[in-house]
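S.K.: Got coords_12.pdb for you, PDB, C-alpha atoms:
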```pdb
ATOM      1  CA  MET W  15       4.167 -12.186  14.098
ATOM      2  CA  ASP W  16       1.134 -11.355  16.235
ATOM      3  CA  MET W  17      -1.368  -9.722  13.879
ATOM      4  CA  SER W  18      -3.888  -8.941  16.613
ATOM      5  CA  GLY W  19      -4.829  -5.303  16.793
ATOM      6  CA  ILE W  20      -4.534  -4.822  13.034
ATOM      7  CA  ASP W  21      -8.207  -4.440  12.222
ATOM      8  CA  ALA W  22      -8.639  -3.576   8.552
ATOM      9  CA  PRO W  23      -6.069  -0.727   8.455
ATOM     10  CA  GLU W  24      -6.231   1.880   5.719
ATOM     11  CA  HIS W  25      -2.470   1.780   5.168
ATOM     12  CA  SER W  26       0.464  -0.430   6.039
ATOM     13  CA  VAL W  27       4.182   0.376   6.063
ATOM     14  CA  ALA W  28       7.249  -1.816   5.569
ATOM     15  CA  VAL W  29      10.493  -0.238   6.816
ATOM     16  CA  PHE W  30      13.732  -1.991   5.852
ATOM     17  CA  ALA W  31      16.386  -1.667   8.539
ATOM     18  CA  HIS W  32      19.830  -3.251   8.356
ATOM     19  CA  ASP W  33      22.312  -1.726  10.828
ATOM     20  CA  GLU W  34      20.439   1.606  10.836
ATOM     21  CA  ALA W  35      21.078   2.658  14.441
ATOM     22  CA  ASP W  36      22.167   6.128  13.302
ATOM     23  CA  ALA W  37      19.115   6.776  11.115
ATOM     24  CA  ILE W  38      16.141   4.676  12.201
ATOM     25  CA  ALA W  39      14.912   7.116  14.870
ATOM     26  CA  GLY W  40      14.661   9.905  12.295
ATOM     27  CA  CYS W  41      12.954   7.561   9.846
ATOM     28  CA  LEU W  42      10.286   6.491  12.339
ATOM     29  CA  ALA W  43       9.705  10.021  13.635
ATOM     30  CA  ALA W  44       9.145  11.219  10.061
ATOM     31  CA  LEU W  45       6.690   8.385   9.406
ATOM     32  CA  GLN W  46       4.716   9.428  12.475
ATOM     33  CA  ALA W  47       4.168  12.794  10.759
ATOM     34  CA  ALA W  48       3.494  11.399   7.284
ATOM     35  CA  GLY W  49      -0.293  11.196   7.629
ATOM     36  CA  LEU W  50      -0.859   7.603   8.719
ATOM     37  CA  GLY W  51      -4.001   6.632  10.588
ATOM     38  CA  PRO W  52      -4.062   5.753  14.310
ATOM     39  CA  THR W  53      -4.220   1.995  13.637
ATOM     40  CA  ASP W  54      -2.003   1.779  10.539
ATOM     41  CA  PRO W  55       0.827  -0.693  11.281
ATOM     42  CA  ILE W  56       4.472   0.182  10.688
ATOM     43  CA  PHE W  57       6.415  -3.079  10.318
ATOM     44  CA  VAL W  58      10.130  -2.477  10.899
ATOM     45  CA  LEU W  59      11.943  -5.358   9.182
ATOM     46  CA  ILE W  60      15.177  -5.535  11.177
ATOM     47  CA  ASN W  61      17.217  -7.864   8.975
ATOM     48  CA  GLY W  62      20.707  -9.151   9.725
ATOM     49  CA  THR W  63      21.321  -6.314  12.152
ATOM     50  CA  THR W  64      24.343  -6.288  14.475
ATOM     51  CA  ASP W  65      24.003  -2.803  15.967
ATOM     52  CA  ALA W  66      21.503  -1.136  18.327
ATOM     53  CA  THR W  67      18.686  -0.867  15.771
ATOM     54  CA  PRO W  68      16.406  -3.379  17.609
ATOM     55  CA  ASP W  69      16.690  -1.473  20.891
ATOM     56  CA  ILE W  70      15.889   1.863  19.245
ATOM     57  CA  VAL W  71      12.872   0.421  17.436
ATOM     58  CA  ALA W  72      11.674  -1.227  20.656
ATOM     59  CA  GLY W  73      11.798   2.167  22.365
ATOM     60  CA  PHE W  74       9.548   3.673  19.677
ATOM     61  CA  ALA W  75       7.212   0.677  19.801
ATOM     62  CA  ALA W  76       6.754   1.095  23.548
ATOM     63  CA  LYS W  77       5.276   4.547  22.906
ATOM     64  CA  ASP W  78       3.522   3.949  19.567
ATOM     65  CA  PRO W  79       1.636   0.637  19.202
ATOM     66  CA  ARG W  80       1.571   1.062  15.419
ATOM     67  CA  ILE W  81       5.302   0.292  15.301
ATOM     68  CA  ARG W  82       5.903  -3.450  15.133
ATOM     69  CA  PRO W  83       9.509  -4.695  15.175
ATOM     70  CA  VAL W  84      10.100  -7.811  13.069
ATOM     71  CA  VAL W  85      13.540  -9.364  13.577
ATOM     72  CA  ILE W  86      14.797 -11.384  10.589
ATOM     73  CA  ALA W  87      18.117 -13.173  10.989
ATOM     74  CA  LEU W  88      19.037 -13.044   7.300
ATOM     75  CA  GLY W  89      20.421  -9.680   6.235
ATOM     76  CA  ASP W  90      18.844  -9.329   2.798
ATOM     77  CA  LYS W  91      16.389  -6.662   1.654
ATOM     78  CA  ALA W  92      14.882  -8.824  -1.094
ATOM     79  CA  ASN W  93      14.151 -11.537   1.459
ATOM     80  CA  ALA W  94      12.616  -8.998   3.865
ATOM     81  CA  TRP W  95      10.467  -7.571   1.034
ATOM     82  CA  SER W  96       9.060 -11.000   0.213
ATOM     83  CA  TYR W  97       8.476 -11.754   3.892
ATOM     84  CA  TYR W  98       6.410  -8.592   4.262
ATOM     85  CA  VAL W  99       4.432  -9.086   1.044
ATOM     86  CA  HIS W 100       3.610 -12.756   1.567
ATOM     87  CA  ARG W 101       3.501 -13.084   5.353
ATOM     88  CA  LEU W 102       2.822  -9.731   7.021
ATOM     89  CA  ALA W 103       0.993  -7.289   4.726
ATOM     90  CA  PRO W 104      -2.610  -6.800   5.921
ATOM     91  CA  PRO W 105      -4.808  -7.864   2.982
ATOM     92  CA  THR W 106      -7.345  -5.122   3.653
ATOM     93  CA  ALA W 107      -4.930  -2.173   3.426
ATOM     94  CA  ARG W 108      -5.681   0.156   0.526
ATOM     95  CA  LEU W 109      -2.091   1.364   0.347
ATOM     96  CA  HIS W 110       1.246  -0.258   1.187
ATOM     97  CA  LEU W 111       4.258   2.000   1.742
ATOM     98  CA  PHE W 112       7.837   0.742   1.393
ATOM     99  CA  VAL W 113      10.520   2.828   3.112
ATOM    100  CA  ASP W 114      14.270   2.426   3.618
ATOM    101  CA  GLY W 115      15.348   2.858   7.216
ATOM    102  CA  ASP W 116      17.947   5.523   6.388
ATOM    103  CA  VAL W 117      15.559   8.069   4.820
ATOM    104  CA  ARG W 118      13.001  10.520   6.142
ATOM    105  CA  VAL W 119       9.687  10.824   4.344
ATOM    106  CA  SER W 120       8.023  14.195   3.996
ATOM    107  CA  ALA W 121       5.201  15.359   6.265
ATOM    108  CA  GLY W 122       1.828  14.634   4.688
ATOM    109  CA  ALA W 123       3.320  12.216   2.147
ATOM    110  CA  VAL W 124       0.576   9.616   2.633
ATOM    111  CA  PRO W 125      -2.414  11.841   1.705
ATOM    112  CA  ALA W 126      -0.392  13.267  -1.200
ATOM    113  CA  ILE W 127       0.170   9.759  -2.580
ATOM    114  CA  GLU W 128      -3.484   8.867  -2.056
ATOM    115  CA  ALA W 129      -4.621  11.966  -3.920
ATOM    116  CA  ALA W 130      -2.282  11.250  -6.839
ATOM    117  CA  LEU W 131      -3.477   7.655  -7.172
ATOM    118  CA  ALA W 132      -7.124   8.712  -6.871
ATOM    119  CA  GLY W 133      -6.570  11.019  -9.825
ATOM    120  CA  HIS W 134      -4.874   8.286 -11.851
ATOM    121  CA  PRO W 135      -6.817   5.050 -11.391
ATOM    122  CA  GLU W 136      -4.735   3.355 -14.080
ATOM    123  CA  ALA W 137      -1.599   3.518 -11.893
ATOM    124  CA  LEU W 138      -0.557   0.422  -9.972
ATOM    125  CA  ALA W 139       2.026   2.208  -7.845
ATOM    126  CA  ALA W 140       3.307   5.618  -6.820
ATOM    127  CA  ALA W 141       6.865   6.942  -6.814
ATOM    128  CA  THR W 142       8.233   9.749  -4.651
ATOM    129  CA  LEU W 143      11.055  12.220  -5.261
ATOM    130  CA  PRO W 144      14.433  12.608  -3.536
ATOM    131  CA  GLN W 145      15.596  15.685  -1.658
ATOM    132  CA  GLY W 146      18.822  16.720   0.006
ATOM    133  CA  GLY W 147      21.519  14.787  -1.836
ATOM    134  CA  ARG W 148      24.035  16.100  -4.357
ATOM    135  CA  THR W 149      22.332  14.346  -7.245
ATOM    136  CA  ALA W 150      18.747  14.767  -6.007
ATOM    137  CA  PRO W 151      17.635  17.387  -8.581
ATOM    138  CA  ARG W 152      18.830  15.335 -11.580
ATOM    139  CA  TRP W 153      17.487  12.161 -10.013
ATOM    140  CA  ALA W 154      14.069  13.759  -9.497
ATOM    141  CA  GLU W 155      14.013  14.909 -13.128
ATOM    142  CA  ARG W 156      14.643  11.353 -14.326
ATOM    143  CA  ILE W 157      11.875   9.979 -12.109
ATOM    144  CA  LEU W 158       9.365  12.482 -13.483
ATOM    145  CA  ARG W 159      10.465  11.928 -17.091
ATOM    146  CA  ASP W 160      10.841   8.149 -17.065
ATOM    147  CA  HIS W 161       8.332   7.257 -14.330
ATOM    148  CA  GLY W 162      11.083   5.816 -12.199
ATOM    149  CA  MET W 163      10.460   4.315  -8.783
ATOM    150  CA  PRO W 164      13.258   4.657  -6.207
ATOM    151  CA  GLY W 165      13.320   1.877  -3.655
ATOM    152  CA  ASN W 166      13.896   4.426  -0.898
ATOM    153  CA  PHE W 167      10.180   5.261  -0.679
ATOM    154  CA  TYR W 168       7.319   4.095  -2.881
ATOM    155  CA  ALA W 169       3.754   2.834  -2.560
ATOM    156  CA  LEU W 170       1.704  -0.002  -3.996
ATOM    157  CA  ARG W 171      -2.063  -0.081  -4.174
ATOM    158  CA  GLY W 172      -3.667  -2.790  -2.093
ATOM    159  CA  GLU W 173      -4.958  -4.362  -5.295
ATOM    160  CA  THR W 174      -1.437  -4.427  -6.721
ATOM    161  CA  LEU W 175      -0.031  -6.204  -3.700
ATOM    162  CA  SER W 176      -2.906  -8.697  -3.791
ATOM    163  CA  ARG W 177      -2.078  -9.372  -7.433
ATOM    164  CA  ILE W 178       1.578  -9.948  -6.545
ATOM    165  CA  ARG W 179       0.466 -12.505  -3.986
ATOM    166  CA  THR W 180      -1.883 -14.208  -6.428
ATOM    167  CA  LEU W 181       0.895 -14.437  -9.019
ATOM    168  CA  SER W 182       3.283 -15.761  -6.334
ATOM    169  CA  VAL W 183       5.818 -13.090  -7.233
ATOM    170  CA  SER W 184       8.710 -12.777  -4.793
ATOM    171  CA  MET W 185      12.118 -11.137  -4.891
ATOM    172  CA  PRO W 186      14.991 -13.582  -5.473
ATOM    173  CA  VAL W 187      17.076 -13.788  -2.319
ATOM    174  CA  GLY W 188      20.339 -11.951  -2.913
ATOM    175  CA  LEU W 189      18.881  -9.515  -5.452
ATOM    176  CA  ILE W 190      20.394  -6.077  -4.948
ATOM    177  CA  GLY W 191      17.510  -3.643  -4.597
ATOM    178  CA  ASP W 192      13.818  -4.321  -4.927
ATOM    179  CA  ASP W 193      13.108  -1.308  -7.117
ATOM    180  CA  PRO W 194      14.655  -2.287 -10.500
ATOM    181  CA  LEU W 195      12.775  -5.578 -10.669
ATOM    182  CA  LEU W 196       9.525  -4.206  -9.290
ATOM    183  CA  ARG W 197       9.577  -1.223 -11.648
ATOM    184  CA  TRP W 198      10.193  -3.531 -14.624
ATOM    185  CA  LEU W 199       7.317  -5.786 -13.588
ATOM    186  CA  LEU W 200       4.944  -2.871 -13.027
ATOM    187  CA  LEU W 201       5.717  -1.111 -16.311
ATOM    188  CA  HIS W 202       5.108  -4.405 -18.140
ATOM    189  CA  ASP W 203       1.918  -5.040 -16.135
ATOM    190  CA  PHE W 204       3.455  -8.287 -14.828
ATOM    191  CA  THR W 205       3.760  -9.649 -18.386
ATOM    192  CA  PRO W 206       7.498 -10.137 -19.148
ATOM    193  CA  ASN W 207       7.076  -9.921 -22.923
ATOM    194  CA  GLY W 208       4.352  -7.289 -22.834
ATOM    195  CA  PRO W 209       4.631  -3.618 -23.860
ATOM    196  CA  VAL W 210       5.870  -0.885 -21.539
ATOM    197  CA  ASP W 211       3.154   1.360 -20.084
ATOM    198  CA  ARG W 212       4.668   4.215 -18.072
ATOM    199  CA  SER W 213       1.264   5.303 -16.779
ATOM    200  CA  LEU W 214       1.281   2.286 -14.455
ATOM    201  CA  ILE W 215       3.718   4.112 -12.130
ATOM    202  CA  ARG W 216       2.655   7.577 -11.005
ATOM    203  CA  PRO W 217       5.353   9.983  -9.737
ATOM    204  CA  VAL W 218       4.073  12.182  -6.897
ATOM    205  CA  PRO W 219       5.965  15.527  -6.776
ATOM    206  CA  GLU W 220       4.281  16.423  -3.476
ATOM    207  CA  ALA W 221       5.804  13.411  -1.659
ATOM    208  CA  HIS W 222       9.527  13.290  -0.928
ATOM    209  CA  PHE W 223      12.225  11.434   0.916
ATOM    210  CA  SER W 224      15.405  13.031   2.214
ATOM    211  CA  TYR W 225      18.722  11.253   2.466
ATOM    212  CA  GLN W 226      22.388  11.985   3.065
ATOM    213  CA  SER W 227      24.905  11.663   0.283
ATOM    214  CA  ILE W 228      28.184   9.856   0.854
ATOM    215  CA  PRO W 229      30.624  12.516   2.129
ATOM    216  CA  MET W 230      33.249  13.241  -0.517
ATOM    217  CA  THR W 231      35.962  14.113   1.980
ATOM    218  CA  GLY W 232      38.897  11.790   2.430
ATOM    219  CA  LEU W 233      39.607   8.263   1.282
ATOM    220  CA  SER W 234      36.778   6.708   3.293
ATOM    221  CA  GLY W 235      34.177   8.595   1.267
ATOM    222  CA  LEU W 236      35.868   7.628  -1.989
ATOM    223  CA  ARG W 237      35.996   3.960  -0.955
ATOM    224  CA  ALA W 238      32.315   4.029  -0.032
ATOM    225  CA  LEU W 239      31.431   5.594  -3.385
ATOM    226  CA  VAL W 240      33.436   3.006  -5.331
ATOM    227  CA  ALA W 241      31.880   0.168  -3.300
ATOM    228  CA  ARG W 242      28.402   1.522  -4.058
ATOM    229  CA  GLN W 243      29.099   1.724  -7.796
ATOM    230  CA  LEU W 244      30.456  -1.824  -7.850
ATOM    231  CA  ARG W 245      27.320  -2.947  -6.045
ATOM    232  CA  TYR W 246      25.170  -1.124  -8.611
ATOM    233  CA  GLN W 247      27.109  -2.780 -11.429
ATOM    234  CA  MET W 248      26.410  -6.188  -9.907
ATOM    235  CA  ARG W 249      22.754  -5.177  -9.676
ATOM    236  CA  ASP W 250      22.800  -4.356 -13.401
ATOM    237  CA  LEU W 251      24.142  -7.813 -14.199
ATOM    238  CA  GLN W 252      21.554  -9.435 -11.942
ATOM    239  CA  MET W 253      18.753  -7.597 -13.701
ATOM    240  CA  ASN W 254      20.081  -8.480 -17.169
ATOM    241  CA  LEU W 255      20.167 -12.145 -16.170
ATOM    242  CA  LEU W 256      16.757 -12.022 -14.564
ATOM    243  CA  ILE W 257      14.959 -10.211 -17.392
ATOM    244  CA  ARG W 258      16.380 -12.585 -19.994
ATOM    245  CA  HIS W 259      15.318 -15.545 -17.838
ATOM    246  CA  LEU W 260      11.762 -14.279 -17.291
ATOM    247  CA  LYS W 261      11.257 -13.389 -20.943
ATOM    248  CA  VAL W 262      12.134 -16.940 -21.937
ATOM    249  CA  PHE W 263      10.462 -18.924 -19.147
ATOM    250  CA  GLY W 264       7.731 -16.588 -17.872
ATOM    251  CA  LEU W 265       6.866 -15.028 -14.545
ATOM    252  CA  GLY W 266       6.210 -18.412 -12.971
ATOM    253  CA  ALA W 267       9.915 -19.209 -13.315
ATOM    254  CA  MET W 268      11.020 -16.450 -10.916
ATOM    255  CA  PRO W 269      14.055 -17.973  -9.153
ATOM    256  CA  ARG W 270      14.142 -18.267  -5.374
ATOM    257  CA  ARG W 271      17.791 -17.128  -5.307
ATOM    258  CA  ILE W 272      19.444 -14.764  -7.766
ATOM    259  CA  ASP W 273      22.734 -16.674  -7.715
ATOM    260  CA  SER W 274      20.963 -19.637  -9.328
ATOM    261  CA  LEU W 275      21.247 -17.658 -12.590
ATOM    262  CA  TYR W 276      24.935 -16.804 -12.297
ATOM    263  CA  ASP W 277      26.099 -19.749 -14.423
ATOM    264  CA  ALA W 278      24.490 -17.968 -17.386
ATOM    265  CA  ALA W 279      26.513 -14.772 -16.840
ATOM    266  CA  THR W 280      28.750 -13.559 -19.679
ATOM    267  CA  PRO W 281      31.022 -10.506 -19.996
ATOM    268  CA  MET W 282      28.721  -9.028 -22.643
ATOM    269  CA  LEU W 283      25.684  -9.501 -20.414
ATOM    270  CA  ALA W 284      27.535  -7.649 -17.644
ATOM    271  CA  LEU W 285      28.219  -4.829 -20.112
ATOM    272  CA  ARG W 286      24.670  -4.591 -21.475
ATOM    273  CA  GLY W 287      22.651  -1.464 -20.730
ATOM    274  CA  GLN W 288      23.089   2.292 -20.664
ATOM    275  CA  PHE W 289      26.765   3.131 -20.392
ATOM    276  CA  LYS W 290      27.881   4.584 -17.086
ATOM    277  CA  LEU W 291      31.353   4.714 -15.591
ATOM    278  CA  ARG W 292      30.597   1.677 -13.462
ATOM    279  CA  LYS W 293      30.281  -0.357 -16.660
ATOM    280  CA  LEU W 294      34.093  -0.275 -16.806
ATOM    281  CA  ALA W 295      33.944  -2.877 -14.029
ATOM    282  CA  PHE W 296      31.978  -5.326 -16.182
ATOM    283  CA  LEU W 297      34.737  -7.964 -16.133
ATOM    284  CA  TYR W 298      35.071  -7.696 -12.354
ATOM    285  CA  THR W 299      31.316  -8.163 -12.025
ATOM    286  CA  TYR W 300      31.297 -11.130 -14.384
ATOM    287  CA  LEU W 301      34.153 -12.855 -12.557
ATOM    288  CA  LYS W 302      32.506 -12.228  -9.198
ATOM    289  CA  ALA W 303      29.260 -13.777 -10.415
ATOM    290  CA  ARG W 304      31.044 -16.816 -11.873
ATOM    291  CA  GLY W 305      33.193 -17.360  -8.781
ATOM    292  CA  PRO W 306      32.312 -19.431  -5.698
ATOM    293  CA  GLN W 307      29.151 -18.076  -4.099
ATOM    294  CA  PRO W 308      28.988 -17.618  -0.326
ATOM    295  CA  ARG W 309      26.115 -19.460   1.262
ATOM    296  CA  ILE W 310      23.666 -17.970   3.748
ATOM    297  CA  LYS W 311      25.513 -17.694   7.046
ATOM    298  CA  SER W 312      22.745 -16.722   9.410
ATOM    299  CA  GLY W 313      19.026 -17.274   9.064
ATOM    300  CA  SER W 314      16.891 -18.949   6.454
ATOM    301  CA  ALA W 315      15.075 -17.455   3.477
ATOM    302  CA  TRP W 316      11.471 -16.311   3.932
ATOM    303  CA  TYR W 317      10.040 -19.306   2.086
ATOM    304  CA  GLU W 318      11.915 -21.705   4.372
ATOM    305  CA  ALA W 319      10.819 -20.112   7.642
TER     306      ALA W 319
END
```
Let me see the file written as structure tokens.
M.R.:
Amino acid sequence: MDMSGIDAPEHSVAVFAHDEADAIAGCLAALQAAGLGPTDPIFVLINGTTDATPDIVAGFAAKDPRIRPVVIALGDKANAWSYYVHRLAPPTARLHLFVDGDVRVSAGAVPAIEAALAGHPEALAAATLPQGGRTAPRWAERILRDHGMPGNFYALRGETLSRIRTLSVSMPVGLIGDDPLLRWLLLHDFTPNGPVDRSLIRPVPEAHFSYQSIPMTGLSGLRALVARQLRYQMRDLQMNLLIRHLKVFGLGAMPRRIDSLYDAATPMLALRGQFKLRKLAFLYTYLKARGPQPRIKSGSAWYEA
């Protein structure tokens, strides 16, 4: 990636785009109104994409030099996250924004986040609130109460990202979602056996992201909802495995690939955690984890590139 033209930006953005041809234009247009500076880079991490996402991003980049397409062969958000953090993120940026390519951030979100963090110097990161979906109000309440941090749109201080680099923290390739692991690390101040400190993540009610819920009309919507819940259940098992591993062996033992821990999976570990309906699929999740694992088909992991 050519880093010329990025001269000590105030902010930097990582946008995760996997087959987002239908949504990426709205995402980028919203970011252009979010309060970024004229030289703040917007890295669009186009990972494992098979649709027209690269062409759409290239069209935006031709008109806005801040937008920098980054094509990654491997379709994996955790891999793209680590690639941005360890290879692309400008070290001088005071604020790093992480945005999913299928959401739209609110106008003025960047100064709102900056103001919230300025008022809470103890916070390592900022969380934003959802709008527009069926469950958005309840979701927003949980974020405010529990200091949650949705992966759709959040921010890390520059100092926090520098600390992540110094600690050599990366996301295991194949991990479903960056937010559960990152939130756990932040609330424990990067000390796996340390106490929880909710003040380390600051929810920002003035900053939002909008998204579309899965349409609940017809069998296709139902299938998509079931597939999402099964994916979330696998994420729960991954996190249970990972937390147990890090508590025993320490942060320096972060695995490169999440499936390297699957031999330690048990039905009870798949069931552990707050009960939700998806927990009924705990045996399915366990058997999937213990079964033959597909290897990377296209592209290498960030640490191999």
S.K.: Suppose a student applies the PyMOL selection byres ((chain W and resi 241-250) around 8) to this structure; what residues should they get, written as a ChimeraX atom specification?
M.R.: /W:189-191,237-240,251-254,284,287,292-293,295-296,299
S.K.: Using all atoms listed in the file, find the one residue out of W:Leu50, W:Leu109, W:Ala35, W:Leu265 that sits nearest to W:Leu181.
M.R.: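 Going through W:Leu50, W:Leu109, W:Ala35, W:Leu265 one by one, the smallest distance to W:Leu181 is for W:Leu265.
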S.K.: Can you work out which one of W:Arg179, W:Arg286, W:His32, W:Arg152 has the shortest atom-to-atom distance to W:Thr67, counting all atoms listed in the file?
M.R.: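 Looking at the shortest contact to W:Thr67, the residue is W:His32.
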S.K.: In terms of the shortest atom-to-atom distance over only C-alpha atoms, which of W:Ser224, W:Asn61, W:Thr205, W:Thr149 is closest to W:Ala121?
M.R.: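 Nearest to W:Ala121: W:Ser224.
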S.K.: Between atom CA of W:Ala140 and atom CA of W:Pro52, what distance in Å does the model show, to one decimal?
M.R.: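 Here the two named atoms are 22.4 Å from each other.
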